[in-house]
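Peer 1: Can you keep this structure in mind? I'll have questions shortly.
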Amino acid sequence: MSIEIRTLTGSGLVDALGGLAELRISVFRAWPYLYDGTLAYERKYLQRYVDTEGAIIVGAYDGDRLVGAATGEPMEDEVIQFRRPFEERGYDVNKIFYMAESVLDPAFRGQGIGHRFFDEREAHARRLGYEYATFCGVVRPGDHPLKPADYRPLDPFWEKRGYQKLEGAVVHFPWQDVGEAEETEKPMQVWWHKL
């Protein structure tokens, strides 16, 4: 398979939003996110990238079809849940770039696309003058009934790229889980890396 990686910024973000919404709903439905999303919510949520100067979507395309994407935006424009751990520790959020979702159709995994997602977002953050990159990963109990027996956590991948947990920094963010009737807050571990 020949996958083209495209870095989208500014007005170029608009065309990717529909495909990104569908990918988020599909990929995040699986463990560990178990997200039961809707297109209406996704359209509203993803509009922030179009409205934020410095935002990026790195898209993986199979022809014209978006099969994977990773996003990011300046931390100063992120929601308070993600800013708070840094602000409470005295870090300047104006020096931190937030790398939000990274979603890839399972059929396209194992080809190095995940590394390209990190490479492109980190390069973008450096061009904009940011000193750190950060993201959050959901934390689920090891005995959760929906955890697949063959699940392999991404911690080793993130650590190989130089990311480490910001100790004691767990944020809580709401979404509706598969099989639940309403949103509940989920714990998410903050990871970060000096660029």
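For the structure tokens, the naming scheme is as follows: chains receive sequential letters (A, B, ...) according to their order of presentation, residues are indexed from 1 within each chain, and ligands are indexed from 1 in presentation order.
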With only C-alpha atoms as the counted atoms, please give the residues lying no more than 12 Å from Lys186 (chain A), apart from itself and same-chain residues fewer than 3 positions off, as a ChimeraX atom specification.

Peer 2: /A:32-35,81,136-141,170-177,183,189

Peer 1: Enumerate as a ChimeraX atom specification all residues of region 71-174 of chain A assigned to strand (DSSP E or B) by DSSP on the backbone, naming them with the chain letters and numbers the document uses.

Peer 2: /A:71-74,96-104,132-138,164-174

Peer 1: Any chance you could tabulate, as a tab-separated table, the residues of region 55-88 of chain A at most 9 Å from region 123-126 of chain A with each one's nearest atom pair and distance in Å to one decimal, using only C-alpha atoms, in chain and rising number order?

Peer 2:
```
residue	atom	partner	partner_atom	distance
A:Ile56	CA	A:His124	CA	7.8
A:Gly72	CA	A:Ala125	CA	8.7
A:Glu73	CA	A:Ala125	CA	8.5
A:Pro74	CA	A:Ala125	CA	8.2
```

Peer 1: Go ahead and write the residues just picked, N, CA, C and O atoms, as a PDB file, in the first residue's frame.

Peer 2:
```
ATOM      1  N   ILE A  56      -2.888  21.881  13.556  1.00  0.00           N
ATOM      2  CA  ILE A  56      -2.418  21.014  12.475  1.00  0.00           C
ATOM      3  C   ILE A  56      -3.219  19.714  12.459  1.00  0.00           C
ATOM      4  O   ILE A  56      -3.638  19.220  13.511  1.00  0.00           O
ATOM      5  N   GLY A  72      -3.063  18.492  16.412  1.00  0.00           N
ATOM      6  CA  GLY A  72      -2.366  19.222  17.454  1.00  0.00           C
ATOM      7  C   GLY A  72      -2.713  20.694  17.395  1.00  0.00           C
ATOM      8  O   GLY A  72      -3.154  21.197  16.357  1.00  0.00           O
ATOM      9  N   GLU A  73      -2.503  21.365  18.520  1.00  0.00           N
ATOM     10  CA  GLU A  73      -2.729  22.799  18.583  1.00  0.00           C
ATOM     11  C   GLU A  73      -1.962  23.374  19.770  1.00  0.00           C
ATOM     12  O   GLU A  73      -1.566  22.639  20.688  1.00  0.00           O
ATOM     13  N   PRO A  74      -1.730  24.682  19.758  1.00  0.00           N
ATOM     14  CA  PRO A  74      -1.045  25.302  20.884  1.00  0.00           C
ATOM     15  C   PRO A  74      -1.786  25.051  22.194  1.00  0.00           C
ATOM     16  O   PRO A  74      -3.015  25.159  22.254  1.00  0.00           O
TER      17      PRO A  74
END
```

Peer 1: Report as CSV the residues of region 68-145 of chain A within 12 Å of region 2-26 of chain A, each with its shortest atom pair and distance in Å (one decimal), using only C-alpha atoms, ordered by chain and increasing residue number.

Peer 2:
```
residue,atom,partner,partner_atom,distance
A:Gly68,CA,A:Leu23,CA,7.1
A:Ala69,CA,A:Leu20,CA,6.6
A:Ala70,CA,A:Leu20,CA,8.9
A:Thr71,CA,A:Leu8,CA,9.5
A:Gly72,CA,A:Thr9,CA,10.2
A:Glu73,CA,A:Thr9,CA,10.3
A:Ala100,CA,A:Arg24,CA,11.5
A:Glu101,CA,A:Arg24,CA,8.1
A:Ser102,CA,A:Arg24,CA,8.6
A:Val103,CA,A:Arg24,CA,6.4
A:Leu104,CA,A:Leu23,CA,7.3
A:Asp105,CA,A:Leu23,CA,7.3
A:Pro106,CA,A:Ser26,CA,10.0
A:Ala107,CA,A:Ile3,CA,11.9
A:Phe108,CA,A:Ile3,CA,8.7
A:Arg109,CA,A:Ile3,CA,11.2
A:Gln111,CA,A:Ile3,CA,9.2
A:Gly112,CA,A:Ile3,CA,10.4
A:Ile113,CA,A:Ile5,CA,8.2
A:Gly114,CA,A:Ile5,CA,10.8
A:His115,CA,A:Ile5,CA,11.3
A:Arg116,CA,A:Ile5,CA,7.9
A:Phe117,CA,A:Ile5,CA,8.5
A:Phe118,CA,A:Thr7,CA,11.6
A:Asp119,CA,A:Thr7,CA,10.8
A:Glu120,CA,A:Thr7,CA,7.2
A:Arg121,CA,A:Thr7,CA,8.5
A:Glu122,CA,A:Thr7,CA,11.7
A:Ala123,CA,A:Thr7,CA,10.6
A:His124,CA,A:Thr7,CA,9.0
```

Peer 1: Keeping only C-alpha atoms, write the selected residues as an mmCIF file, in the first residue's frame.

Peer 2:
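As written to disk, selection-v1.cif reads:
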```
data_model
loop_
_atom_site.group_PDB
_atom_site.id
_atom_site.type_symbol
_atom_site.label_atom_id
_atom_site.label_comp_id
_atom_site.auth_asym_id
_atom_site.auth_seq_id
_atom_site.Cartn_x
_atom_site.Cartn_y
_atom_site.Cartn_z
ATOM 1 C CA GLY A 68 -5.474 8.022 9.561
ATOM 2 C CA ALA A 69 -4.925 11.394 11.173
ATOM 3 C CA ALA A 70 -3.165 13.077 14.054
ATOM 4 C CA THR A 71 -3.946 16.543 15.346
ATOM 5 C CA GLY A 72 -2.366 19.222 17.454
ATOM 6 C CA GLU A 73 -2.729 22.799 18.583
ATOM 7 C CA ALA A 100 -4.394 15.598 20.596
ATOM 8 C CA GLU A 101 -5.852 12.567 18.846
ATOM 9 C CA SER A 102 -3.987 10.082 16.730
ATOM 10 C CA VAL A 103 -6.243 7.644 14.901
ATOM 11 C CA LEU A 104 -5.403 5.083 12.239
ATOM 12 C CA ASP A 105 -7.554 2.504 10.492
ATOM 13 C CA PRO A 106 -6.335 -0.897 11.812
ATOM 14 C CA ALA A 107 -5.727 -2.129 8.243
ATOM 15 C CA PHE A 108 -2.935 0.432 7.865
ATOM 16 C CA ARG A 109 -1.060 -0.136 11.122
ATOM 17 C CA GLN A 111 3.784 0.674 8.407
ATOM 18 C CA GLY A 112 5.455 3.462 10.388
ATOM 19 C CA ILE A 113 2.547 5.875 10.013
ATOM 20 C CA GLY A 114 2.309 6.417 13.779
ATOM 21 C CA HIS A 115 5.928 7.604 13.801
ATOM 22 C CA ARG A 116 5.220 9.959 10.903
ATOM 23 C CA PHE A 117 2.287 11.403 12.857
ATOM 24 C CA PHE A 118 4.640 12.264 15.715
ATOM 25 C CA ASP A 119 7.454 13.455 13.405
ATOM 26 C CA GLU A 120 5.236 15.880 11.502
ATOM 27 C CA ARG A 121 3.497 17.325 14.559
ATOM 28 C CA GLU A 122 6.766 17.747 16.442
ATOM 29 C CA ALA A 123 8.380 19.462 13.425
ATOM 30 C CA HIS A 124 5.362 21.781 13.161
#
```

Peer 1: Would you list the contacts of region 146-149 of chain A as a list in words, taking every protein, DNA or RNA residue within 8 Å and counting only C-alpha atoms, but skipping same-chain residues closer than 2 positions in sequence?

Peer 2: Trp31, Pro32, Gly142, Asp143, His144 and Tyr151 of chain A

Peer 1: Would you output that residue set with N, CA, C and O atoms, as a PDB file, in the first residue's frame?

Peer 2:
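What follows is the written file out_15.pdb:
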```pdb
ATOM      1  N   TRP A  31     -11.046  -0.500  22.353  1.00  0.00           N
ATOM      2  CA  TRP A  31     -10.272  -0.370  23.577  1.00  0.00           C
ATOM      3  C   TRP A  31      -9.002   0.422  23.284  1.00  0.00           C
ATOM      4  O   TRP A  31      -8.414   0.230  22.242  1.00  0.00           O
ATOM      5  N   PRO A  32      -8.552   1.304  24.141  1.00  0.00           N
ATOM      6  CA  PRO A  32      -9.039   1.562  25.495  1.00  0.00           C
ATOM      7  C   PRO A  32     -10.015   2.734  25.615  1.00  0.00           C
ATOM      8  O   PRO A  32     -10.477   3.027  26.709  1.00  0.00           O
ATOM      9  N   GLY A 142      -6.860  -2.571  34.663  1.00  0.00           N
ATOM     10  CA  GLY A 142      -6.369  -3.769  33.992  1.00  0.00           C
ATOM     11  C   GLY A 142      -7.379  -4.900  33.922  1.00  0.00           C
ATOM     12  O   GLY A 142      -7.302  -5.752  33.046  1.00  0.00           O
ATOM     13  N   ASP A 143      -8.358  -4.894  34.838  1.00  0.00           N
ATOM     14  CA  ASP A 143      -9.358  -5.963  34.856  1.00  0.00           C
ATOM     15  C   ASP A 143     -10.685  -5.535  34.229  1.00  0.00           C
ATOM     16  O   ASP A 143     -11.713  -6.169  34.453  1.00  0.00           O
ATOM     17  N   HIS A 144     -10.658  -4.480  33.424  1.00  0.00           N
ATOM     18  CA  HIS A 144     -11.887  -3.993  32.772  1.00  0.00           C
ATOM     19  C   HIS A 144     -12.469  -5.121  31.906  1.00  0.00           C
ATOM     20  O   HIS A 144     -11.729  -5.789  31.169  1.00  0.00           O
ATOM     21  N   TYR A 151      -4.425  -7.117  23.978  1.00  0.00           N
ATOM     22  CA  TYR A 151      -4.126  -5.679  23.957  1.00  0.00           C
ATOM     23  C   TYR A 151      -2.683  -5.408  24.363  1.00  0.00           C
ATOM     24  O   TYR A 151      -2.188  -5.949  25.349  1.00  0.00           O
TER      25      TYR A 151
END
```

Peer 1: Within 9 Å of His193 (chain A), counting only C-alpha atoms, which residues show up once you throw out same-chain ones fewer than 3 positions away? Write them as a PyMOL selection string, please.

Peer 2: chain A and resi 131-134+161-165

Peer 1: Using only C-alpha atoms, which of the listed residues (A:Arg65, A:Gly179, A:Pro187, A:Val50) sits closest to Arg29 (chain A)?

Peer 2: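 Answer, going by the shortest atom-to-atom distance: A:Gly179.
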
Peer 1: Run DSSP on the backbone and tell me which residues of region 4-193 of chain A come out as helix (DSSP H, G or I); list them as a PyMOL selection string.

Peer 2: chain A and resi 10-27+39-51+75-77+80-88+93-95+106-108+113-127+155-160

Peer 1: Near Asp77 (chain A), counting only C-alpha atoms, which residues have an atom at most 9 Å away, once you skip same-chain residues fewer than 6 positions from it, shown as a list in words?

Peer 2: Thr52, Glu53 and Arg83 of chain A

Peer 1: Could you save the residues just selected, with N, CA and C atoms, as a compact mmCIF listing (two decimals), in the first residue's frame?

Peer 2:
```txt
# COMPACT_ATOMS: atom_id res chain seq x y z
N THR A 52 -8.35 27.70 15.25
CA THR A 52 -7.17 27.95 16.07
C THR A 52 -5.93 28.14 15.22
N GLU A 53 -5.31 29.29 15.35
CA GLU A 53 -4.06 29.55 14.64
C GLU A 53 -2.99 28.63 15.19
N ARG A 83 -4.69 22.09 30.18
CA ARG A 83 -3.74 23.14 30.58
C ARG A 83 -3.39 23.07 32.06
```
